[in-house]
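Raw contents of work.pdb, PDB, N, CA and C atoms:
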ATOM      1  N   MET A   1      62.417 -24.188 -42.722
ATOM      2  CA  MET A   1      62.917 -23.937 -41.402
ATOM      3  C   MET A   1      64.437 -24.018 -41.448
ATOM      4  N   ASP A   2      65.059 -22.901 -41.427
ATOM      5  CA  ASP A   2      66.513 -22.860 -41.487
ATOM      6  C   ASP A   2      67.084 -22.731 -40.071
ATOM      7  N   GLN A   3      68.126 -23.514 -39.800
ATOM      8  CA  GLN A   3      68.801 -23.451 -38.505
ATOM      9  C   GLN A   3      70.307 -23.428 -38.751
ATOM     10  N   LYS A   4      71.017 -22.758 -37.872
ATOM     11  CA  LYS A   4      72.479 -22.704 -37.976
ATOM     12  C   LYS A   4      73.079 -23.682 -36.971
ATOM     13  N   GLN A   5      73.955 -24.550 -37.455
ATOM     14  CA  GLN A   5      74.717 -25.436 -36.589
ATOM     15  C   GLN A   5      76.182 -25.268 -36.946
ATOM     16  N   GLY A   6      76.866 -24.591 -36.141
ATOM     17  CA  GLY A   6      78.283 -24.338 -36.418
ATOM     18  C   GLY A   6      78.411 -23.511 -37.683
ATOM     19  N   ASN A   7      79.153 -24.031 -38.651
ATOM     20  CA  ASN A   7      79.362 -23.333 -39.915
ATOM     21  C   ASN A   7      78.370 -23.771 -40.994
ATOM     22  N   TYR A   8      77.500 -24.735 -40.646
ATOM     23  CA  TYR A   8      76.573 -25.280 -41.642
ATOM     24  C   TYR A   8      75.147 -24.806 -41.394
ATOM     25  N   GLU A   9      74.388 -24.730 -42.460
ATOM     26  CA  GLU A   9      72.981 -24.337 -42.365
ATOM     27  C   GLU A   9      72.120 -25.588 -42.602
ATOM     28  N   VAL A  10      71.230 -25.898 -41.663
ATOM     29  CA  VAL A  10      70.380 -27.083 -41.757
ATOM     30  C   VAL A  10      69.033 -26.663 -42.349
ATOM     31  N   ILE A  11      68.595 -27.377 -43.375
ATOM     32  CA  ILE A  11      67.334 -27.057 -44.042
ATOM     33  C   ILE A  11      66.434 -28.294 -43.968
ATOM     34  N   ASP A  12      65.196 -28.093 -43.547
ATOM     35  CA  ASP A  12      64.222 -29.188 -43.496
ATOM     36  C   ASP A  12      63.678 -29.407 -44.907
ATOM     37  N   LEU A  13      63.895 -30.612 -45.461
ATOM     38  CA  LEU A  13      63.506 -30.900 -46.841
ATOM     39  C   LEU A  13      62.219 -31.712 -46.952
ATOM     40  N   GLY A  14      61.501 -31.933 -45.861
ATOM     41  CA  GLY A  14      60.294 -32.759 -45.894
ATOM     42  C   GLY A  14      59.258 -32.243 -46.878
ATOM     43  N   ASP A  15      58.951 -30.954 -46.817
ATOM     44  CA  ASP A  15      57.951 -30.379 -47.720
ATOM     45  C   ASP A  15      58.448 -30.371 -49.159
ATOM     46  N   TYR A  16      59.703 -30.100 -49.355
ATOM     47  CA  TYR A  16      60.266 -30.024 -50.700
ATOM     48  C   TYR A  16      60.238 -31.389 -51.391
ATOM     49  N   ARG A  17      60.462 -32.460 -50.628
ATOM     50  CA  ARG A  17      60.473 -33.798 -51.216
ATOM     51  C   ARG A  17      59.091 -34.189 -51.722
ATOM     52  N   SER A  18      58.055 -33.967 -50.909
ATOM     53  CA  SER A  18      56.703 -34.335 -51.346
ATOM     54  C   SER A  18      56.272 -33.480 -52.533
ATOM     55  N   GLU A  19      56.670 -32.225 -52.518
ATOM     56  CA  GLU A  19      56.348 -31.339 -53.638
ATOM     57  C   GLU A  19      57.087 -31.786 -54.900
ATOM     58  N   ALA A  20      58.329 -32.217 -54.743
ATOM     59  CA  ALA A  20      59.114 -32.679 -55.890
ATOM     60  C   ALA A  20      58.524 -33.960 -56.468
ATOM     61  N   ARG A  21      58.027 -34.861 -55.601
ATOM     62  CA  ARG A  21      57.403 -36.091 -56.088
ATOM     63  C   ARG A  21      56.163 -35.770 -56.912
ATOM     64  N   THR A  22      55.357 -34.863 -56.405
ATOM     65  CA  THR A  22      54.136 -34.482 -57.122
ATOM     66  C   THR A  22      54.463 -33.862 -58.462
ATOM     67  N   LYS A  23      55.450 -32.973 -58.468
ATOM     68  CA  LYS A  23      55.830 -32.318 -59.722
ATOM     69  C   LYS A  23      56.411 -33.332 -60.713
ATOM     70  N   SER A  24      57.225 -34.260 -60.220
ATOM     71  CA  SER A  24      57.826 -35.222 -61.138
ATOM     72  C   SER A  24      56.759 -36.134 -61.739
ATOM     73  N   LYS A  25      55.743 -36.502 -60.958
ATOM     74  CA  LYS A  25      54.663 -37.329 -61.491
ATOM     75  C   LYS A  25      53.893 -36.565 -62.566
ATOM     76  N   GLN A  26      53.591 -35.296 -62.303
ATOM     77  CA  GLN A  26      52.885 -34.474 -63.290
ATOM     78  C   GLN A  26      53.726 -34.287 -64.545
ATOM     79  N   GLN A  27      55.026 -34.092 -64.378
ATOM     80  CA  GLN A  27      55.899 -33.918 -65.538
ATOM     81  C   GLN A  27      55.959 -35.199 -66.364
ATOM     82  N   ARG A  28      55.986 -36.362 -65.684
ATOM     83  CA  ARG A  28      55.988 -37.634 -66.408
ATOM     84  C   ARG A  28      54.711 -37.797 -67.228
ATOM     85  N   LEU A  29      53.568 -37.461 -66.630
ATOM     86  CA  LEU A  29      52.306 -37.570 -67.352
ATOM     87  C   LEU A  29      52.277 -36.623 -68.540
ATOM     88  N   ASN A  30      52.748 -35.406 -68.337
ATOM     89  CA  ASN A  30      52.761 -34.434 -69.426
ATOM     90  C   ASN A  30      53.710 -34.864 -70.541
ATOM     91  N   GLN A  31      54.871 -35.368 -70.170
ATOM     92  CA  GLN A  31      55.827 -35.812 -71.186
ATOM     93  C   GLN A  31      55.285 -37.003 -71.960
ATOM     94  N   GLN A  32      54.623 -37.903 -71.258
ATOM     95  CA  GLN A  32      54.075 -39.079 -71.920
ATOM     96  C   GLN A  32      53.003 -38.674 -72.921
ATOM     97  N   SER A  33      52.114 -37.755 -72.529
ATOM     98  CA  SER A  33      51.045 -37.371 -73.445
ATOM     99  C   SER A  33      51.548 -36.422 -74.531
ATOM    100  N   ASN A  34      52.547 -35.613 -74.244
ATOM    101  CA  ASN A  34      53.056 -34.674 -75.248
ATOM    102  C   ASN A  34      53.973 -35.354 -76.259
ATOM    103  N   SER A  35      54.662 -36.391 -75.840
ATOM    104  CA  SER A  35      55.630 -37.013 -76.732
ATOM    105  C   SER A  35      54.967 -37.889 -77.791
ATOM    106  N   THR A  36      53.712 -38.258 -77.586
ATOM    107  CA  THR A  36      53.065 -39.158 -78.532
ATOM    108  C   THR A  36      52.590 -38.443 -79.785
ATOM    109  N   GLY A  37      52.339 -37.164 -79.730
ATOM    110  CA  GLY A  37      51.820 -36.442 -80.882
ATOM    111  C   GLY A  37      50.367 -36.799 -81.144
ATOM    112  N   ALA A  38      49.669 -37.266 -80.129
ATOM    113  CA  ALA A  38      48.275 -37.687 -80.262
ATOM    114  C   ALA A  38      47.354 -36.470 -80.247
ATOM    115  N   PRO A  39      46.137 -36.632 -80.747
ATOM    116  CA  PRO A  39      45.153 -35.547 -80.688
ATOM    117  C   PRO A  39      44.817 -35.168 -79.245
ATOM    118  N   LYS A  40      44.214 -33.998 -79.090
ATOM    119  CA  LYS A  40      43.928 -33.485 -77.755
ATOM    120  C   LYS A  40      42.983 -34.400 -76.969
ATOM    121  N   MET A  41      41.985 -34.951 -77.635
ATOM    122  CA  MET A  41      41.027 -35.809 -76.939
ATOM    123  C   MET A  41      41.717 -37.055 -76.371
ATOM    124  N   VAL A  42      42.611 -37.631 -77.127
ATOM    125  CA  VAL A  42      43.337 -38.812 -76.660
ATOM    126  C   VAL A  42      44.213 -38.427 -75.471
ATOM    127  N   LYS A  43      44.850 -37.285 -75.549
ATOM    128  CA  LYS A  43      45.675 -36.819 -74.432
ATOM    129  C   LYS A  43      44.832 -36.616 -73.180
ATOM    130  N   GLN A  44      43.612 -36.071 -73.346
ATOM    131  CA  GLN A  44      42.728 -35.858 -72.198
ATOM    132  C   GLN A  44      42.321 -37.178 -71.566
ATOM    133  N   VAL A  45      42.016 -38.183 -72.377
ATOM    134  CA  VAL A  45      41.636 -39.497 -71.840
ATOM    135  C   VAL A  45      42.795 -40.094 -71.067
ATOM    136  N   ILE A  46      43.987 -39.996 -71.610
ATOM    137  CA  ILE A  46      45.173 -40.511 -70.914
ATOM    138  C   ILE A  46      45.388 -39.760 -69.610
ATOM    139  N   LYS A  47      45.210 -38.461 -69.649
ATOM    140  CA  LYS A  47      45.401 -37.635 -68.455
ATOM    141  C   LYS A  47      44.351 -37.976 -67.397
ATOM    142  N   LEU A  48      43.079 -38.136 -67.818
ATOM    143  CA  LEU A  48      42.021 -38.471 -66.862
ATOM    144  C   LEU A  48      42.219 -39.852 -66.258
ATOM    145  N   ALA A  49      42.846 -40.746 -66.986
ATOM    146  CA  ALA A  49      43.112 -42.089 -66.472
ATOM    147  C   ALA A  49      44.365 -42.116 -65.604
ATOM    148  N   GLY A  50      45.006 -41.012 -65.434
ATOM    149  CA  GLY A  50      46.196 -40.956 -64.587
ATOM    150  C   GLY A  50      47.432 -41.511 -65.248
ATOM    151  N   GLY A  51      47.433 -41.579 -66.563
ATOM    152  CA  GLY A  51      48.595 -42.074 -67.286
ATOM    153  C   GLY A  51      48.677 -43.588 -67.355
ATOM    154  N   ARG A  52      47.638 -44.281 -66.899
ATOM    155  CA  ARG A  52      47.662 -45.742 -66.897
ATOM    156  C   ARG A  52      47.290 -46.338 -68.252
ATOM    157  N   LEU A  53      46.751 -45.521 -69.151
ATOM    158  CA  LEU A  53      46.349 -46.011 -70.473
ATOM    159  C   LEU A  53      47.396 -45.638 -71.504
ATOM    160  N   ASN A  54      47.505 -46.475 -72.516
ATOM    161  CA  ASN A  54      48.345 -46.078 -73.632
ATOM    162  C   ASN A  54      47.445 -45.477 -74.713
ATOM    163  N   GLU A  55      48.026 -45.063 -75.795
ATOM    164  CA  GLU A  55      47.288 -44.361 -76.837
ATOM    165  C   GLU A  55      46.207 -45.239 -77.470
ATOM    166  N   GLN A  56      46.521 -46.491 -77.689
ATOM    167  CA  GLN A  56      45.572 -47.429 -78.300
ATOM    168  C   GLN A  56      44.325 -47.584 -77.423
ATOM    169  N   GLN A  57      44.514 -47.729 -76.127
ATOM    170  CA  GLN A  57      43.397 -47.890 -75.210
ATOM    171  C   GLN A  57      42.548 -46.623 -75.156
ATOM    172  N   ALA A  58      43.193 -45.468 -75.229
ATOM    173  CA  ALA A  58      42.455 -44.207 -75.228
ATOM    174  C   ALA A  58      41.587 -44.096 -76.478
ATOM    175  N   TYR A  59      42.115 -44.517 -77.627
ATOM    176  CA  TYR A  59      41.323 -44.516 -78.854
ATOM    177  C   TYR A  59      40.104 -45.427 -78.708
ATOM    178  N   LEU A  60      40.295 -46.603 -78.123
ATOM    179  CA  LEU A  60      39.196 -47.548 -77.958
ATOM    180  C   LEU A  60      38.109 -46.989 -77.041
ATOM    181  N   ILE A  61      38.502 -46.295 -76.002
ATOM    182  CA  ILE A  61      37.520 -45.677 -75.109
ATOM    183  C   ILE A  61      36.714 -44.624 -75.860
ATOM    184  N   LEU A  62      37.379 -43.808 -76.651
ATOM    185  CA  LEU A  62      36.668 -42.779 -77.413
ATOM    186  C   LEU A  62      35.736 -43.393 -78.452
ATOM    187  N   ILE A  63      36.162 -44.459 -79.109
ATOM    188  CA  ILE A  63      35.291 -45.134 -80.082
ATOM    189  C   ILE A  63      34.079 -45.729 -79.364
ATOM    190  N   GLY A  64      34.271 -46.288 -78.191
ATOM    191  CA  GLY A  64      33.159 -46.826 -77.405
ATOM    192  C   GLY A  64      32.151 -45.759 -77.040
ATOM    193  N   LEU A  65      32.642 -44.584 -76.660
ATOM    194  CA  LEU A  65      31.738 -43.480 -76.339
ATOM    195  C   LEU A  65      30.941 -43.047 -77.566
ATOM    196  N   VAL A  66      31.573 -43.032 -78.724
ATOM    197  CA  VAL A  66      30.873 -42.664 -79.961
ATOM    198  C   VAL A  66      29.787 -43.685 -80.274
ATOM    199  N   VAL A  67      30.080 -44.967 -80.116
ATOM    200  CA  VAL A  67      29.097 -46.018 -80.398
ATOM    201  C   VAL A  67      27.902 -45.903 -79.451
ATOM    202  N   ILE A  68      28.158 -45.694 -78.177
ATOM    203  CA  ILE A  68      27.075 -45.528 -77.198
ATOM    204  C   ILE A  68      26.219 -44.317 -77.549
ATOM    205  N   ASN A  69      26.865 -43.227 -77.930
ATOM    206  CA  ASN A  69      26.144 -42.011 -78.308
ATOM    207  C   ASN A  69      25.268 -42.259 -79.535
ATOM    208  N   LEU A  70      25.780 -42.979 -80.526
ATOM    209  CA  LEU A  70      24.991 -43.279 -81.721
ATOM    210  C   LEU A  70      23.795 -44.161 -81.394
ATOM    211  N   ILE A  71      23.960 -45.129 -80.537
ATOM    212  CA  ILE A  71      22.853 -46.009 -80.162
ATOM    213  C   ILE A  71      21.746 -45.209 -79.473
ATOM    214  N   ILE A  72      22.119 -44.376 -78.522
ATOM    215  CA  ILE A  72      21.123 -43.565 -77.804
ATOM    216  C   ILE A  72      20.414 -42.616 -78.762
ATOM    217  N   THR A  73      21.164 -41.976 -79.649
ATOM    218  CA  THR A  73      20.564 -41.055 -80.612
ATOM    219  C   THR A  73      19.608 -41.780 -81.543
ATOM    220  N   THR A  74      19.962 -42.977 -81.989
ATOM    221  CA  THR A  74      19.097 -43.754 -82.876
ATOM    222  C   THR A  74      17.798 -44.135 -82.169
ATOM    223  N   ILE A  75      17.880 -44.569 -80.929
ATOM    224  CA  ILE A  75      16.680 -44.938 -80.176
ATOM    225  C   ILE A  75      15.760 -43.737 -80.017
ATOM    226  N   ILE A  76      16.317 -42.590 -79.673
ATOM    227  CA  ILE A  76      15.500 -41.382 -79.508
ATOM    228  C   ILE A  76      14.870 -40.972 -80.828
ATOM    229  N   ALA A  77      15.625 -41.026 -81.917
ATOM    230  CA  ALA A  77      15.092 -40.633 -83.228
ATOM    231  C   ALA A  77      13.966 -41.566 -83.671
ATOM    232  N   ILE A  78      14.115 -42.857 -83.445
ATOM    233  CA  ILE A  78      13.064 -43.808 -83.818
ATOM    234  C   ILE A  78      11.794 -43.527 -83.028
ATOM    235  N   ASN A  79      11.926 -43.261 -81.734
ATOM    236  CA  ASN A  79      10.751 -42.974 -80.913
ATOM    237  C   ASN A  79      10.074 -41.674 -81.321
ATOM    238  N   ILE A  80      10.844 -40.688 -81.739
ATOM    239  CA  ILE A  80      10.259 -39.419 -82.179
ATOM    240  C   ILE A  80       9.537 -39.609 -83.508
ATOM    241  N   LEU A  81      10.112 -40.358 -84.426
ATOM    242  CA  LEU A  81       9.505 -40.554 -85.739
ATOM    243  C   LEU A  81       8.257 -41.430 -85.688
ATOM    244  N   LYS A  82       8.144 -42.312 -84.715
ATOM    245  CA  LYS A  82       6.959 -43.160 -84.584
ATOM    246  C   LYS A  82       5.717 -42.330 -84.277
ATOM    247  N   GLY A  83       5.867 -41.288 -83.533
ATOM    248  CA  GLY A  83       4.735 -40.478 -83.124
ATOM    249  C   GLY A  83       4.107 -41.036 -81.856
ATOM    250  N   PRO A  84       2.987 -40.430 -81.454
ATOM    251  CA  PRO A  84       2.349 -40.900 -80.218
ATOM    252  C   PRO A  84       1.745 -42.290 -80.411
ATOM    253  N   THR A  85       1.717 -43.045 -79.359
ATOM    254  CA  THR A  85       1.166 -44.394 -79.435
ATOM    255  C   THR A  85      -0.339 -44.343 -79.226
ATOM    256  N   ALA A  86      -1.049 -45.303 -79.769
ATOM    257  CA  ALA A  86      -2.497 -45.379 -79.624
ATOM    258  C   ALA A  86      -2.842 -45.881 -78.223
ATOM    259  N   PRO A  87      -3.991 -45.455 -77.698
ATOM    260  CA  PRO A  87      -4.391 -45.958 -76.378
ATOM    261  C   PRO A  87      -4.722 -47.436 -76.462
ATOM    262  N   PRO A  88      -4.679 -48.126 -75.339
ATOM    263  CA  PRO A  88      -4.980 -49.554 -75.346
ATOM    264  C   PRO A  88      -6.405 -49.826 -75.844
ATOM    265  N   LYS A  89      -6.620 -51.005 -76.378
ATOM    266  CA  LYS A  89      -7.909 -51.384 -76.930
ATOM    267  C   LYS A  89      -8.971 -51.366 -75.827
ATOM    268  N   GLY A  90     -10.099 -50.754 -76.093
ATOM    269  CA  GLY A  90     -11.180 -50.695 -75.124
ATOM    270  C   GLY A  90     -11.081 -49.522 -74.170
ATOM    271  N   PHE A  91     -10.059 -48.723 -74.265
ATOM    272  CA  PHE A  91      -9.903 -47.578 -73.367
ATOM    273  C   PHE A  91     -10.387 -46.328 -74.075
ATOM    274  N   GLU A  92     -11.392 -45.680 -73.515
ATOM    275  CA  GLU A  92     -11.922 -44.446 -74.096
ATOM    276  C   GLU A  92     -12.034 -43.410 -72.992
ATOM    277  N   GLY A  93     -11.075 -42.588 -72.847
ATOM    278  CA  GLY A  93     -11.109 -41.564 -71.816
ATOM    279  C   GLY A  93     -10.879 -42.163 -70.444
ATOM    280  N   ASN A  94     -11.421 -41.502 -69.415
ATOM    281  CA  ASN A  94     -11.225 -41.965 -68.053
ATOM    282  C   ASN A  94     -12.350 -42.861 -67.555
ATOM    283  N   ALA A  95     -13.500 -42.850 -68.211
ATOM    284  CA  ALA A  95     -14.647 -43.634 -67.749
ATOM    285  C   ALA A  95     -14.643 -45.006 -68.412
ATOM    286  N   PRO A  96     -14.680 -46.077 -67.635
ATOM    287  CA  PRO A  96     -14.759 -47.411 -68.228
ATOM    288  C   PRO A  96     -16.148 -47.645 -68.809
ATOM    289  N   ARG A  97     -16.223 -48.235 -69.995
ATOM    290  CA  ARG A  97     -17.508 -48.451 -70.648
ATOM    291  C   ARG A  97     -17.697 -49.913 -71.031
ATOM    292  N   GLY A  98     -17.128 -50.798 -70.300
ATOM    293  CA  GLY A  98     -17.281 -52.217 -70.574
ATOM    294  C   GLY A  98     -18.654 -52.717 -70.159
ATOM    295  N   ALA A  99     -18.980 -53.937 -70.504
ATOM    296  CA  ALA A  99     -20.294 -54.513 -70.214
ATOM    297  C   ALA A  99     -20.549 -54.614 -68.717
ATOM    298  N   GLU A 100     -19.511 -54.846 -67.927
ATOM    299  CA  GLU A 100     -19.712 -54.997 -66.475
ATOM    300  C   GLU A 100     -20.092 -53.687 -65.793
ATOM    301  N   PHE A 101     -19.917 -52.561 -66.464
ATOM    302  CA  PHE A 101     -20.262 -51.274 -65.875
ATOM    303  C   PHE A 101     -21.586 -50.713 -66.426
ATOM    304  N   GLN A 102     -22.283 -51.442 -67.290
ATOM    305  CA  GLN A 102     -23.505 -50.926 -67.901
ATOM    306  C   GLN A 102     -24.695 -50.986 -66.951
ATOM    307  N   ASN A 103     -24.835 -52.023 -66.176
ATOM    308  CA  ASN A 103     -25.998 -52.206 -65.308
ATOM    309  C   ASN A 103     -25.586 -52.091 -63.845
ATOM    310  N   LEU A 104     -25.155 -50.924 -63.427
ATOM    311  CA  LEU A 104     -24.745 -50.717 -62.044
ATOM    312  C   LEU A 104     -25.979 -50.528 -61.175
ATOM    313  N   PRO A 105     -25.922 -50.981 -59.914
ATOM    314  CA  PRO A 105     -27.047 -50.750 -58.991
ATOM    315  C   PRO A 105     -27.240 -49.246 -58.780
ATOM    316  N   SER A 106     -28.478 -48.836 -58.517
ATOM    317  CA  SER A 106     -28.819 -47.422 -58.399
ATOM    318  C   SER A 106     -28.154 -46.784 -57.169
ATOM    319  N   ASP A 107     -27.911 -47.541 -56.105
ATOM    320  CA  ASP A 107     -27.284 -46.963 -54.908
ATOM    321  C   ASP A 107     -25.830 -46.571 -55.166
ATOM    322  N   LEU A 108     -25.124 -47.237 -56.084
ATOM    323  CA  LEU A 108     -23.756 -46.853 -56.443
ATOM    324  C   LEU A 108     -23.752 -45.590 -57.298
ATOM    325  N   LEU A 109     -24.770 -45.402 -58.106
ATOM    326  CA  LEU A 109     -24.826 -44.241 -58.978
ATOM    327  C   LEU A 109     -25.112 -42.956 -58.203
ATOM    328  N   GLN A 110     -25.793 -43.047 -57.043
ATOM    329  CA  GLN A 110     -26.174 -41.872 -56.266
ATOM    330  C   GLN A 110     -25.044 -41.343 -55.413
ATOM    331  N   GLN A 111     -23.996 -42.088 -55.236
ATOM    332  CA  GLN A 111     -22.889 -41.624 -54.376
ATOM    333  C   GLN A 111     -22.175 -40.546 -55.067
TER     334      GLN A 111
END

Output the structure of this file as structure tokens.
Amino acid sequence: MDQKQGNYEVIDLGDYRSEARTKSKQQRLNQQSNSTGAPKMVKQVIKLAGGRLNEQQAYLILIGLVVINLIITTIIAINILKGPTAPPKGFEGNAPRGAEFQNLPSDLLQQ
């Protein structure tokens, strides 16, 4: 919004200031991640954390993710290699065949 007052031109800088703050914050984050010479994954972790992490912490987060992934993969592989589990003892299909079901009253059988 430009206005003329006498020989001077008045410019509203409200929008420009907030835009400059945002750009300067982004530039700081980019400079911080670019100046380290770190791998792309480490830079992404730092960027996702908003620049609050240093390189060492980003490495630790990535190592933690790898460990969690290995644990989950190992559990799944062990379960696949075991094969199907046997049914519980005494269970044969859907019909119970225990001693208590051998001598049922005739009125229950007719239903």

Quiz item: In Å to one decimal, how far is atom CA of A:Ile78 from atom CA of A:Leu65?
Solution: 20.1 Å

Quiz item: From the set A:Val66, A:Ile80, A:Ile71, A:Ala58, which residue has the shortest atom-to-atom contact distance to A:Val45, counting only C-alpha atoms?
Solution: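 Nearest to A:Val45: A:Ala58.
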
Quiz item: Which residue gives the smallest distance to A:Lys47 among A:Thr85, A:Asn79, A:Gln27, A:Thr74, with only C-alpha atoms counted?
Solution: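 Distance minimum relative to A:Lys47 lands on A:Gln27.
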
Self-check item: Shell of 10 Å around A:Ala38, only C-alpha atoms, local chain residues under 5 positions omitted, as a ChimeraX atom specification
Solution: /A:33,43-44,55,59

Self-check item: Length of the atom CA of A:Gly37 to atom CA of A:Leu53 vector [Å]
Solution: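 Those two atoms sit 15.2 Å apart.
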